[in-house]
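**Student:** You'll find model.pdb just under this line, and it carries PDB, C-alpha atoms, pLDDT in the B column.
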ATOM      1  CA  MET C   1     -24.236  -1.962  29.452  1.00 87.00           C
ATOM      2  CA  LYS C   2     -26.439  -5.035  29.334  1.00 88.00           C
ATOM      3  CA  PRO C   3     -26.384  -7.492  26.418  1.00 88.00           C
ATOM      4  CA  ARG C   4     -29.225  -7.406  23.858  1.00 91.00           C
ATOM      5  CA  THR C   5     -30.052  -3.807  24.792  1.00 95.00           C
ATOM      6  CA  LEU C   6     -29.781  -0.678  22.676  1.00 96.00           C
ATOM      7  CA  TYR C   7     -28.919   2.460  24.644  1.00 96.00           C
ATOM      8  CA  LEU C   8     -30.165   5.745  23.184  1.00 94.00           C
ATOM      9  CA  ASP C   9     -29.107   9.181  24.414  1.00 92.00           C
ATOM     10  CA  PRO C  10     -32.186  11.452  24.748  1.00 85.00           C
ATOM     11  CA  ARG C  11     -30.309  14.757  24.682  1.00 77.00           C
ATOM     12  CA  VAL C  12     -30.859  17.299  21.921  1.00 52.00           C
ATOM     13  CA  GLY C  13     -28.011  18.387  19.647  1.00 49.00           C
ATOM     14  CA  PRO C  14     -26.640  21.934  19.360  1.00 45.00           C
ATOM     15  CA  SER C  15     -29.147  22.935  16.661  1.00 43.00           C
ATOM     16  CA  LYS C  16     -32.941  22.753  16.755  1.00 41.00           C
ATOM     17  CA  LYS C  17     -32.763  21.133  13.338  1.00 45.00           C
ATOM     18  CA  THR C  18     -30.442  18.421  14.602  1.00 48.00           C
ATOM     19  CA  ARG C  19     -32.092  15.012  14.905  1.00 51.00           C
ATOM     20  CA  ARG C  20     -33.285  14.456  18.462  1.00 54.00           C
ATOM     21  CA  SER C  21     -32.014  10.982  19.210  1.00 59.00           C
ATOM     22  CA  HIS C  22     -34.981  10.197  21.465  1.00 59.00           C
ATOM     23  CA  ASP C  23     -37.199  10.554  18.378  1.00 83.00           C
ATOM     24  CA  LEU C  24     -35.756   7.213  17.343  1.00 91.00           C
ATOM     25  CA  THR C  25     -36.955   5.345  20.435  1.00 92.00           C
ATOM     26  CA  GLU C  26     -40.360   4.230  19.218  1.00 92.00           C
ATOM     27  CA  PRO C  27     -39.277   3.557  15.598  1.00 94.00           C
ATOM     28  CA  LEU C  28     -36.470   1.318  16.898  1.00 94.00           C
ATOM     29  CA  ARG C  29     -38.829  -0.487  19.255  1.00 95.00           C
ATOM     30  CA  ARG C  30     -41.182  -1.132  16.353  1.00 95.00           C
ATOM     31  CA  GLU C  31     -38.241  -2.880  14.686  1.00 96.00           C
ATOM     32  CA  GLY C  32     -38.186  -5.327  17.613  1.00 95.00           C
ATOM     33  CA  LEU C  33     -35.219  -3.830  19.467  1.00 96.00           C
ATOM     34  CA  THR C  34     -35.007  -3.344  23.220  1.00 96.00           C
ATOM     35  CA  VAL C  35     -34.316   0.387  23.658  1.00 95.00           C
ATOM     36  CA  VAL C  36     -33.293   2.080  26.910  1.00 94.00           C
ATOM     37  CA  SER C  37     -32.860   5.832  27.379  1.00 92.00           C
ATOM     38  CA  ALA C  38     -29.451   6.634  28.872  1.00 92.00           C
ATOM     39  CA  LEU C  39     -27.130   9.634  29.107  1.00 92.00           C
ATOM     40  CA  LEU C  40     -24.066   8.555  27.132  1.00 93.00           C
ATOM     41  CA  GLU C  41     -20.712  10.281  27.495  1.00 92.00           C
ATOM     42  CA  SER C  42     -20.204   9.803  23.774  1.00 91.00           C
ATOM     43  CA  ALA C  43     -22.212   8.527  20.783  1.00 93.00           C
ATOM     44  CA  ASP C  44     -25.966   8.720  20.320  1.00 94.00           C
ATOM     45  CA  VAL C  45     -26.511   4.948  20.306  1.00 96.00           C
ATOM     46  CA  ALA C  46     -24.523   2.229  22.087  1.00 97.00           C
ATOM     47  CA  PHE C  47     -24.740  -1.516  22.691  1.00 97.00           C
ATOM     48  CA  LEU C  48     -22.664  -4.609  23.379  1.00 96.00           C
ATOM     49  CA  GLY C  49     -21.760  -7.066  20.630  1.00 94.00           C
ATOM     50  CA  SER C  50     -22.090 -10.826  21.048  1.00 93.00           C
ATOM     51  CA  ASP C  51     -18.458 -11.093  22.168  1.00 92.00           C
ATOM     52  CA  GLY C  52     -18.637  -8.093  24.479  1.00 93.00           C
ATOM     53  CA  GLN C  53     -17.481  -5.492  21.971  1.00 94.00           C
ATOM     54  CA  ARG C  54     -18.600  -1.964  22.774  1.00 96.00           C
ATOM     55  CA  ILE C  55     -20.294  -0.442  19.728  1.00 96.00           C
ATOM     56  CA  GLY C  56     -21.037   3.287  19.398  1.00 96.00           C
ATOM     57  CA  ILE C  57     -23.047   5.055  16.696  1.00 96.00           C
ATOM     58  CA  GLU C  58     -22.933   8.816  16.168  1.00 94.00           C
ATOM     59  CA  ILE C  59     -25.854  10.407  14.284  1.00 93.00           C
ATOM     60  CA  LYS C  60     -25.571  13.813  12.598  1.00 91.00           C
ATOM     61  CA  THR C  61     -27.348  15.886  10.003  1.00 88.00           C
ATOM     62  CA  ILE C  62     -25.091  17.041   7.197  1.00 85.00           C
ATOM     63  CA  GLY C  63     -25.272  20.576   8.613  1.00 81.00           C
ATOM     64  CA  ASP C  64     -24.165  19.446  12.057  1.00 85.00           C
ATOM     65  CA  PHE C  65     -21.380  17.367  10.520  1.00 86.00           C
ATOM     66  CA  TYR C  66     -20.119  20.404   8.620  1.00 81.00           C
ATOM     67  CA  THR C  67     -20.165  22.799  11.584  1.00 82.00           C
ATOM     68  CA  SER C  68     -18.677  20.284  14.029  1.00 83.00           C
ATOM     69  CA  PHE C  69     -15.865  19.475  11.615  1.00 80.00           C
ATOM     70  CA  ARG C  70     -15.147  23.158  10.893  1.00 78.00           C
ATOM     71  CA  SER C  71     -15.130  24.075  14.579  1.00 82.00           C
ATOM     72  CA  GLY C  72     -12.906  21.136  15.533  1.00 83.00           C
ATOM     73  CA  ARG C  73     -15.553  19.742  17.876  1.00 85.00           C
ATOM     74  CA  LEU C  74     -15.867  16.520  15.872  1.00 85.00           C
ATOM     75  CA  ALA C  75     -12.178  15.611  15.587  1.00 83.00           C
ATOM     76  CA  GLY C  76     -10.979  17.319  18.751  1.00 85.00           C
ATOM     77  CA  HIS C  77     -13.641  16.062  21.135  1.00 88.00           C
ATOM     78  CA  GLN C  78     -16.284  13.704  19.782  1.00 90.00           C
ATOM     79  CA  VAL C  79     -14.052  11.304  17.852  1.00 91.00           C
ATOM     80  CA  ARG C  80     -11.586  11.100  20.739  1.00 92.00           C
ATOM     81  CA  ALA C  81     -14.408  10.263  23.120  1.00 93.00           C
ATOM     82  CA  LEU C  82     -15.689   7.594  20.723  1.00 94.00           C
ATOM     83  CA  LEU C  83     -12.196   6.055  20.534  1.00 93.00           C
ATOM     84  CA  ARG C  84     -11.989   6.044  24.302  1.00 93.00           C
ATOM     85  CA  ASP C  85     -15.395   4.507  24.963  1.00 95.00           C
ATOM     86  CA  TYR C  86     -15.977   2.038  22.109  1.00 95.00           C
ATOM     87  CA  ASP C  87     -14.265  -0.777  20.247  1.00 94.00           C
ATOM     88  CA  ARG C  88     -16.103   0.005  16.992  1.00 95.00           C
ATOM     89  CA  ARG C  89     -17.492   3.385  15.990  1.00 95.00           C
ATOM     90  CA  TYR C  90     -19.990   4.253  13.238  1.00 96.00           C
ATOM     91  CA  LEU C  91     -21.230   7.545  11.832  1.00 95.00           C
ATOM     92  CA  ILE C  92     -24.647   8.111  10.232  1.00 95.00           C
ATOM     93  CA  ILE C  93     -25.158  11.398   8.364  1.00 93.00           C
ATOM     94  CA  GLU C  94     -28.726  12.408   7.560  1.00 91.00           C
ATOM     95  CA  GLY C  95     -29.313  14.475   4.452  1.00 87.00           C
ATOM     96  CA  ILE C  96     -29.541  14.331   0.681  1.00 87.00           C
ATOM     97  CA  TRP C  97     -26.592  15.882  -1.104  1.00 86.00           C
ATOM     98  CA  ARG C  98     -24.747  15.696  -4.412  1.00 87.00           C
ATOM     99  CA  PRO C  99     -21.884  17.422  -6.251  1.00 89.00           C
ATOM    100  CA  MET C 100     -22.991  20.520  -8.170  1.00 87.00           C
ATOM    101  CA  PRO C 101     -21.502  21.642 -11.517  1.00 89.00           C
ATOM    102  CA  ASN C 102     -19.320  24.185  -9.686  1.00 86.00           C
ATOM    103  CA  GLY C 103     -17.908  21.454  -7.420  1.00 86.00           C
ATOM    104  CA  GLN C 104     -19.811  22.543  -4.317  1.00 85.00           C
ATOM    105  CA  ILE C 105     -22.183  20.356  -2.347  1.00 85.00           C
ATOM    106  CA  GLY C 106     -25.839  20.780  -3.210  1.00 85.00           C
ATOM    107  CA  ILE C 107     -28.507  19.953  -0.622  1.00 85.00           C
ATOM    108  CA  ARG C 108     -32.028  18.959  -1.648  1.00 83.00           C
ATOM    109  CA  ARG C 109     -34.690  21.457  -0.568  1.00 81.00           C
ATOM    110  CA  GLY C 110     -38.043  20.350  -1.967  1.00 82.00           C
ATOM    111  CA  ARG C 111     -37.535  20.260  -5.721  1.00 85.00           C
ATOM    112  CA  LEU C 112     -34.477  22.504  -5.614  1.00 86.00           C
ATOM    113  CA  TRP C 113     -30.769  21.907  -4.976  1.00 87.00           C
ATOM    114  CA  VAL C 114     -29.114  24.692  -2.966  1.00 83.00           C
ATOM    115  CA  THR C 115     -25.463  25.239  -2.083  1.00 80.00           C
ATOM    116  CA  SER C 116     -25.894  27.615   0.897  1.00 63.00           C
ATOM    117  CA  TRP C 117     -28.373  25.765   3.047  1.00 58.00           C
ATOM    118  CA  PHE C 118     -27.271  27.344   6.347  1.00 56.00           C
ATOM    119  CA  ARG C 119     -24.994  30.137   7.515  1.00 56.00           C
ATOM    120  CA  GLY C 120     -21.331  29.453   6.793  1.00 56.00           C
ATOM    121  CA  ALA C 121     -21.901  26.478   4.533  1.00 55.00           C
ATOM    122  CA  HIS C 122     -21.547  28.346   1.260  1.00 57.00           C
ATOM    123  CA  GLY C 123     -18.465  27.191  -0.580  1.00 63.00           C
ATOM    124  CA  LEU C 124     -18.267  23.675   0.885  1.00 73.00           C
ATOM    125  CA  ARG C 125     -16.892  21.492  -1.888  1.00 81.00           C
ATOM    126  CA  PHE C 126     -17.943  17.903  -2.505  1.00 86.00           C
ATOM    127  CA  GLU C 127     -14.327  16.673  -2.621  1.00 88.00           C
ATOM    128  CA  GLU C 128     -13.628  18.399   0.688  1.00 84.00           C
ATOM    129  CA  MET C 129     -16.588  16.661   2.335  1.00 84.00           C
ATOM    130  CA  ASP C 130     -15.550  13.311   0.875  1.00 88.00           C
ATOM    131  CA  GLY C 131     -11.995  13.859   2.072  1.00 89.00           C
ATOM    132  CA  HIS C 132     -13.164  14.546   5.620  1.00 88.00           C
ATOM    133  CA  LEU C 133     -15.179  11.323   5.646  1.00 90.00           C
ATOM    134  CA  LEU C 134     -12.272   9.275   4.248  1.00 91.00           C
ATOM    135  CA  THR C 135      -9.972  10.699   6.909  1.00 90.00           C
ATOM    136  CA  LEU C 136     -12.414   9.701   9.639  1.00 91.00           C
ATOM    137  CA  GLU C 137     -12.509   6.130   8.268  1.00 91.00           C
ATOM    138  CA  GLU C 138      -8.844   5.649   7.449  1.00 91.00           C
ATOM    139  CA  ARG C 139      -7.097   7.681  10.144  1.00 89.00           C
ATOM    140  CA  ALA C 140      -9.524   8.523  12.946  1.00 89.00           C
ATOM    141  CA  GLY C 141     -10.892   5.088  13.836  1.00 89.00           C
ATOM    142  CA  ILE C 142     -14.465   5.452  12.520  1.00 93.00           C
ATOM    143  CA  SER C 143     -15.412   1.950  11.386  1.00 89.00           C
ATOM    144  CA  GLY C 144     -17.674   3.238   8.635  1.00 88.00           C
ATOM    145  CA  TRP C 145     -20.206   5.891   7.749  1.00 90.00           C
ATOM    146  CA  ARG C 146     -23.661   5.747   6.194  1.00 92.00           C
ATOM    147  CA  ARG C 147     -25.558   8.382   4.251  1.00 91.00           C
ATOM    148  CA  SER C 148     -29.161   8.397   5.443  1.00 92.00           C
ATOM    149  CA  MET C 149     -32.056  10.099   3.646  1.00 90.00           C
ATOM    150  CA  GLY C 150     -33.998  10.485   6.894  1.00 89.00           C
ATOM    151  CA  GLN C 151     -35.178   8.964  10.137  1.00 90.00           C
ATOM    152  CA  GLY C 152     -36.595   5.810   8.538  1.00 93.00           C
ATOM    153  CA  GLU C 153     -33.309   4.936   6.867  1.00 95.00           C
ATOM    154  CA  THR C 154     -31.353   5.838  10.010  1.00 94.00           C
ATOM    155  CA  VAL C 155     -33.442   3.351  11.986  1.00 95.00           C
ATOM    156  CA  LYS C 156     -32.743   0.634   9.389  1.00 96.00           C
ATOM    157  CA  PHE C 157     -29.002   1.324   9.514  1.00 96.00           C
ATOM    158  CA  ILE C 158     -28.958   1.110  13.312  1.00 96.00           C
ATOM    159  CA  LYS C 159     -30.917  -2.145  13.188  1.00 96.00           C
ATOM    160  CA  SER C 160     -28.505  -3.632  10.610  1.00 96.00           C
ATOM    161  CA  ILE C 161     -25.414  -2.688  12.596  1.00 96.00           C
ATOM    162  CA  TYR C 162     -26.990  -3.995  15.805  1.00 97.00           C
ATOM    163  CA  HIS C 163     -27.927  -7.376  14.324  1.00 96.00           C
ATOM    164  CA  TRP C 164     -24.536  -7.789  12.612  1.00 96.00           C
ATOM    165  CA  TRP C 165     -22.812  -7.504  15.968  1.00 96.00           C
ATOM    166  CA  THR C 166     -25.315  -9.404  18.126  1.00 95.00           C
ATOM    167  CA  ASP C 167     -26.779 -12.223  16.014  1.00 94.00           C
ATOM    168  CA  LYS C 168     -23.568 -14.265  16.036  1.00 91.00           C
ATOM    169  CA  ALA C 169     -19.952 -14.167  17.121  1.00 89.00           C
ATOM    170  CA  TYR C 170     -17.587 -11.865  15.226  1.00 88.00           C
ATOM    171  CA  THR C 171     -15.534 -14.789  13.844  1.00 85.00           C
ATOM    172  CA  ARG C 172     -18.664 -16.465  12.442  1.00 85.00           C
ATOM    173  CA  HIS C 173     -19.136 -13.720   9.846  1.00 85.00           C
ATOM    174  CA  ARG C 174     -17.623 -15.527   6.873  1.00 76.00           C
ATOM    175  CA  SER C 175     -19.426 -14.292   3.759  1.00 77.00           C
ATOM    176  CA  HIS C 176     -16.157 -12.625   2.687  1.00 69.00           C
ATOM    177  CA  LEU C 177     -14.615 -16.107   2.376  1.00 60.00           C
ATOM    178  CA  VAL C 178     -17.009 -17.332  -0.329  1.00 58.00           C
ATOM    179  CA  PHE C 179     -15.176 -18.335  -3.507  1.00 54.00           C
ATOM    180  CA  HIS C 180     -16.402 -17.400  -6.947  1.00 56.00           C
ATOM    181  CA  ARG C 181     -17.045 -20.477  -9.041  1.00 59.00           C
ATOM    182  CA  GLU C 182     -17.630 -20.051 -12.749  1.00 61.00           C
ATOM    183  CA  VAL C 183     -20.305 -22.453 -13.952  1.00 60.00           C
ATOM    184  CA  ASP C 184     -20.194 -24.255 -17.268  1.00 60.00           C
ATOM    185  CA  PRO C 185     -23.503 -23.316 -18.964  1.00 58.00           C
ATOM    186  CA  ALA C 186     -23.508 -26.659 -20.800  1.00 56.00           C
ATOM    187  CA  LEU C 187     -23.632 -28.675 -17.576  1.00 57.00           C
ATOM    188  CA  LEU C 188     -26.919 -30.447 -16.936  1.00 57.00           C
ATOM    189  CA  SER C 189     -25.742 -32.189 -13.770  1.00 64.00           C
ATOM    190  CA  LYS C 190     -23.443 -31.453 -10.854  1.00 74.00           C
ATOM    191  CA  PRO C 191     -19.778 -31.769 -11.946  1.00 79.00           C
ATOM    192  CA  THR C 192     -17.542 -34.328 -10.238  1.00 86.00           C
ATOM    193  CA  LEU C 193     -14.764 -33.316  -7.881  1.00 89.00           C
ATOM    194  CA  ARG C 194     -12.264 -34.381 -10.554  1.00 89.00           C
ATOM    195  CA  LYS C 195     -13.785 -31.933 -13.020  1.00 89.00           C
ATOM    196  CA  LEU C 196     -13.950 -29.093 -10.501  1.00 88.00           C
ATOM    197  CA  TRP C 197     -10.283 -29.587  -9.594  1.00 89.00           C
ATOM    198  CA  ALA C 198      -9.234 -29.838 -13.228  1.00 90.00           C
ATOM    199  CA  LYS C 199     -11.090 -26.673 -14.177  1.00 89.00           C
ATOM    200  CA  GLU C 200      -9.056 -24.657 -11.647  1.00 88.00           C
ATOM    201  CA  LEU C 201      -5.684 -25.829 -13.017  1.00 91.00           C
ATOM    202  CA  PRO C 202      -3.696 -23.298 -15.105  1.00 89.00           C
ATOM    203  CA  GLY C 203      -4.630 -23.311 -18.779  1.00 88.00           C
ATOM    204  CA  VAL C 204      -7.417 -25.892 -18.428  1.00 88.00           C
ATOM    205  CA  GLY C 205     -10.918 -24.390 -18.182  1.00 81.00           C
ATOM    206  CA  TRP C 206     -14.189 -26.265 -18.598  1.00 80.00           C
ATOM    207  CA  ASP C 207     -13.451 -27.731 -22.052  1.00 77.00           C
ATOM    208  CA  ARG C 208     -10.229 -29.549 -21.124  1.00 87.00           C
ATOM    209  CA  ALA C 209     -11.637 -30.354 -17.660  1.00 89.00           C
ATOM    210  CA  THR C 210     -14.094 -32.813 -19.244  1.00 87.00           C
ATOM    211  CA  ALA C 211     -11.310 -34.798 -20.908  1.00 90.00           C
ATOM    212  CA  ILE C 212      -9.235 -34.761 -17.718  1.00 92.00           C
ATOM    213  CA  ALA C 213     -12.131 -35.988 -15.552  1.00 91.00           C
ATOM    214  CA  GLN C 214     -12.743 -38.851 -17.990  1.00 91.00           C
ATOM    215  CA  HIS C 215      -9.057 -39.791 -17.979  1.00 93.00           C
ATOM    216  CA  PHE C 216      -8.531 -40.089 -14.204  1.00 94.00           C
ATOM    217  CA  PRO C 217     -10.450 -42.642 -12.083  1.00 93.00           C
ATOM    218  CA  SER C 218     -10.323 -40.446  -8.967  1.00 92.00           C
ATOM    219  CA  ALA C 219      -9.367 -36.993  -7.687  1.00 91.00           C
ATOM    220  CA  GLN C 220      -6.416 -38.576  -5.871  1.00 92.00           C
ATOM    221  CA  ALA C 221      -5.095 -40.010  -9.127  1.00 93.00           C
ATOM    222  CA  LEU C 222      -5.369 -36.551 -10.691  1.00 92.00           C
ATOM    223  CA  ALA C 223      -3.405 -34.960  -7.860  1.00 91.00           C
ATOM    224  CA  LEU C 224      -0.594 -37.570  -7.962  1.00 92.00           C
ATOM    225  CA  ALA C 225      -0.175 -37.791 -11.757  1.00 94.00           C
ATOM    226  CA  ASP C 226       3.243 -37.052 -13.266  1.00 94.00           C
ATOM    227  CA  GLU C 227       4.019 -34.983 -16.357  1.00 93.00           C
ATOM    228  CA  ARG C 228       4.023 -38.019 -18.659  1.00 93.00           C
ATOM    229  CA  THR C 229       0.508 -38.974 -17.576  1.00 94.00           C
ATOM    230  CA  TRP C 230      -0.772 -35.472 -18.199  1.00 94.00           C
ATOM    231  CA  ARG C 231       0.740 -35.423 -21.684  1.00 93.00           C
ATOM    232  CA  GLY C 232      -1.301 -38.501 -22.515  1.00 92.00           C
ATOM    233  CA  ILE C 233      -4.545 -36.534 -22.246  1.00 92.00           C
ATOM    234  CA  THR C 234      -6.037 -35.059 -25.417  1.00 87.00           C
ATOM    235  CA  GLY C 235      -5.378 -31.333 -25.689  1.00 87.00           C
ATOM    236  CA  ILE C 236      -2.504 -31.229 -23.187  1.00 90.00           C
ATOM    237  CA  GLY C 237       1.039 -30.835 -24.537  1.00 91.00           C
ATOM    238  CA  ARG C 238       4.437 -30.723 -22.891  1.00 91.00           C
ATOM    239  CA  THR C 239       4.293 -27.059 -21.807  1.00 92.00           C
ATOM    240  CA  LEU C 240       0.824 -27.251 -20.334  1.00 92.00           C
ATOM    241  CA  ALA C 241       1.618 -30.544 -18.585  1.00 93.00           C
ATOM    242  CA  GLN C 242       4.666 -28.954 -16.967  1.00 93.00           C
ATOM    243  CA  ARG C 243       2.587 -25.987 -15.776  1.00 92.00           C
ATOM    244  CA  ILE C 244      -0.075 -28.247 -14.291  1.00 92.00           C
ATOM    245  CA  VAL C 245       2.390 -30.469 -12.420  1.00 93.00           C
ATOM    246  CA  ALA C 246       4.281 -27.412 -11.128  1.00 91.00           C
ATOM    247  CA  ALA C 247       1.033 -25.831  -9.885  1.00 90.00           C
ATOM    248  CA  ILE C 248      -0.011 -29.016  -8.049  1.00 90.00           C
ATOM    249  CA  GLU C 249       3.432 -29.427  -6.450  1.00 88.00           C
ATOM    250  CA  GLN C 250       3.483 -25.775  -5.392  1.00 84.00           C
ATOM    251  CA  GLU C 251       0.058 -26.173  -3.815  1.00 79.00           C
ATOM    252  CA  GLY C 252       1.376 -29.093  -1.807  1.00 65.00           C
ATOM    253  CA  HIS C 253       4.004 -26.845  -0.198  1.00 62.00           C
ATOM    254  CA  GLY C 254       1.842 -23.753   0.114  1.00 55.00           C
ATOM    255  CA  LYS C 255      -0.147 -22.259   2.974  1.00 53.00           C
ATOM    256  CA  ILE C 256      -3.888 -21.843   3.333  1.00 51.00           C
TER     257      ILE C 256
END
What does the file become when written as structure tokens?

**Tutor:**
Amino acid sequence: MKPRTLYLDPRVGPSKKTRRSHDLTEPLRREGLTVVSALLESADVAFLGSDGQRIGIEIKTIGDFYTSFRSGRLAGHQVRALLRDYDRRYLIIEGIWRPMPNGQIGIRRGRLWVTSWFRGAHGLRFEEMDGHLLTLEERAGISGWRRSMGQGETVKFIKSIYHWWTDKAYTRHRSHLVFHREVDPALLSKPTLRKLWAKELPGVGWDRATAIAQHFPSAQALALADERTWRGITGIGRTLAQRIVAAIEQEGHGKI
């Protein structure tokens, strides 16, 4: 596979109602992606990530997912091939479904919700479907699955997955490392480092942080203060001073 290229398998699935993957060629190109038709041994869509990772995306209708899971074709053949050929594997399922009052899966047909939308599907329970999908994620190596309402949403999912893997290196995805910082609604200006540090200390909060920031001339002085110094600040007694000093000392010996 070549970098910056999306490979799309043109072959038709086992059912005439199954999404023809080549139908996605022009919609994906309109999204600005370079699409090449290729016979893939597994997956419907494949590409290389920025660090050379092999990414495979399997696309199914909910009916095809059901029959392939029941027959063993999905777990016994397709998933194994995906594990063999790709470093990360995704599954997109096209269809609109919901749990019905009797626990079965209902599929949207026009304005109606039906539970027997094709031969052999009657009796499929929502929990059973959910369990199959969880097993694929947790035990079978599928990186994640998406529920798509149709071709347009499928195209958007493929585009999102493609850009996540190709726009930058894997290790540069760091949004999960963002810290939550509670903001004092009374602040009219950016708080000092002393106040931000103080606010994070056990039992302090924004109210006591103001007094602490006014007491210490620098953040370094705050970090090096002993218990006696802390007890000299309004609103901080012996117990709280001991907790603060212990927390700072523990931080000094801790790991990132």

**Student:** Please produce, as a tab-separated table, a per-residue contact table for stretch 75-114 of chain C versus stretch 146-161 of chain C (criterion: any atom at most 8 Å away, all atoms listed in the file considered), showing the nearest atom pair and its distance in Å to one decimal, sorted by chain then residue number.

**Tutor:**
residue	atom	partner	partner_atom	distance
C:Leu91	CA	C:Arg146	CA	6.4
C:Ile92	CA	C:Arg146	CA	4.8
C:Ile93	CA	C:Arg147	CA	5.1
C:Glu94	CA	C:Ser148	CA	4.6
C:Gly95	CA	C:Met149	CA	5.2
C:Ile96	CA	C:Met149	CA	5.7

**Student:** Kindly extract all protein, DNA and RNA residues lying within 9 Å of the coordinates (-17.0, 4.5, 24.3) given in the file, considering all atoms listed in the file, and supply them as a list in words.

**Tutor:**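 These residues have at least one counted atom within 9 Å: Leu40, Glu41, Ser42, Ala43, Ala46, Arg54, Ile55, Gly56, Ala81, Leu82, Leu83, Arg84, Asp85, Tyr86, Asp87, Arg88 and Arg89 of chain C.
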
**Student:** Taking the file as shown, what set of residues would the PyMOL selection byres ((chain C and resi 194) around 7) give back, as a VMD selection string?

**Tutor:** chain C and resid 192 to 193 195 to 198 213 218 to 219

**Student:** Considering all atoms listed in the file, can you say which of C:Gln250, C:Thr239, C:Ser143, C:Thr234 comes closest to C:Ile57?

**Tutor:**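 Looking at the shortest contact to C:Ile57, the residue is C:Ser143.
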
**Student:** Which residue gives the smallest distance to C:Arg125 among C:Glu137, C:Pro191, C:Tyr90, C:Gln104, with only C-alpha atoms counted?

**Tutor:**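 Smallest distance to C:Arg125 is found for C:Gln104.
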
**Student:** Which residues fall under the PyMOL selection byres ((chain C and resi 212) around 12) in this file, as number ranges by chain?

**Tutor:** C: 192-201, 204-211, 213-219, 221-223, 225, 229-236, 241, 244

**Student:** Give the centre and edge lengths of an axis-aligned box, in Å to one decimal, that holds all listed atoms of stretch 217-224 of chain C with 5 Å on each side, as lines of an AutoDock Vina configuration file.

**Tutor:**
center_x = -5.5
center_y = -38.8
center_z = -9.0
size_x = 19.9
size_y = 17.7
size_z = 16.2

**Student:** Find, counting only C-alpha atoms, the residue in C:Ala169, C:Ile248, C:Ile59, C:Ile105 that gets nearest to C:Asp130.

**Tutor:** C:Ile105

**Student:** Calculate how many Å separate atom CA of C:Leu28 from atom CA of C:Gly144, rounding to one decimal.

**Tutor:**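 Going from atom CA of C:Leu28 over to atom CA of C:Gly144, I get 20.6 Å.
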
**Student:** Within 12 Å of C:Phe69, counting all atoms listed in the file, which residues show up once you throw out same-chain ones fewer than 2 positions away? Write them as a VMD selection string, please.

**Tutor:** chain C and resid 60 62 to 67 71 to 79 121 124 128 to 129 131 to 133 135 to 136

**Student:** Could you jot down the atom CA of C:Val36 to atom CA of C:Tyr7 separation for me, Å, one decimal place?

**Tutor:** 4.9 Å

**Student:** In Å to one decimal, how far is atom CA of C:Thr166 from atom CA of C:Thr25?

**Tutor:**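 One can read the atom CA of C:Thr25 to atom CA of C:Thr166 distance as 18.9 Å.
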
**Student:** Which residues, written as a list in words, have at least one atom at most 9 Å from C:Pro3, with only C-alpha atoms counted and residues fewer than 6 positions away on the same chain left out?

**Tutor:**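 The filter keeps Phe47, Leu48, Gly49, Ser50, Gly52 and Thr166 of chain C.
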
**Student:** Store the residues picked out above, limited to C-alpha atoms, as a short mmCIF file (atom, residue, chain, number, x, y, z; two decimals), in the frame of the given file.

**Tutor:**
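Listed below is the output, again36.cif:
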data_model
loop_
_atom_site.label_atom_id
_atom_site.label_comp_id
_atom_site.auth_asym_id
_atom_site.auth_seq_id
_atom_site.Cartn_x
_atom_site.Cartn_y
_atom_site.Cartn_z
CA PHE C 47 -24.74 -1.52 22.69
CA LEU C 48 -22.66 -4.61 23.38
CA GLY C 49 -21.76 -7.07 20.63
CA SER C 50 -22.09 -10.83 21.05
CA GLY C 52 -18.64 -8.09 24.48
CA THR C 166 -25.32 -9.40 18.13
#

**Student:** So, with all atoms listed in the file as the atoms that count, which of C:Phe126, C:Ser37, C:Glu31, C:Asp51 lies closest to C:Asp167?

**Tutor:** C:Asp51
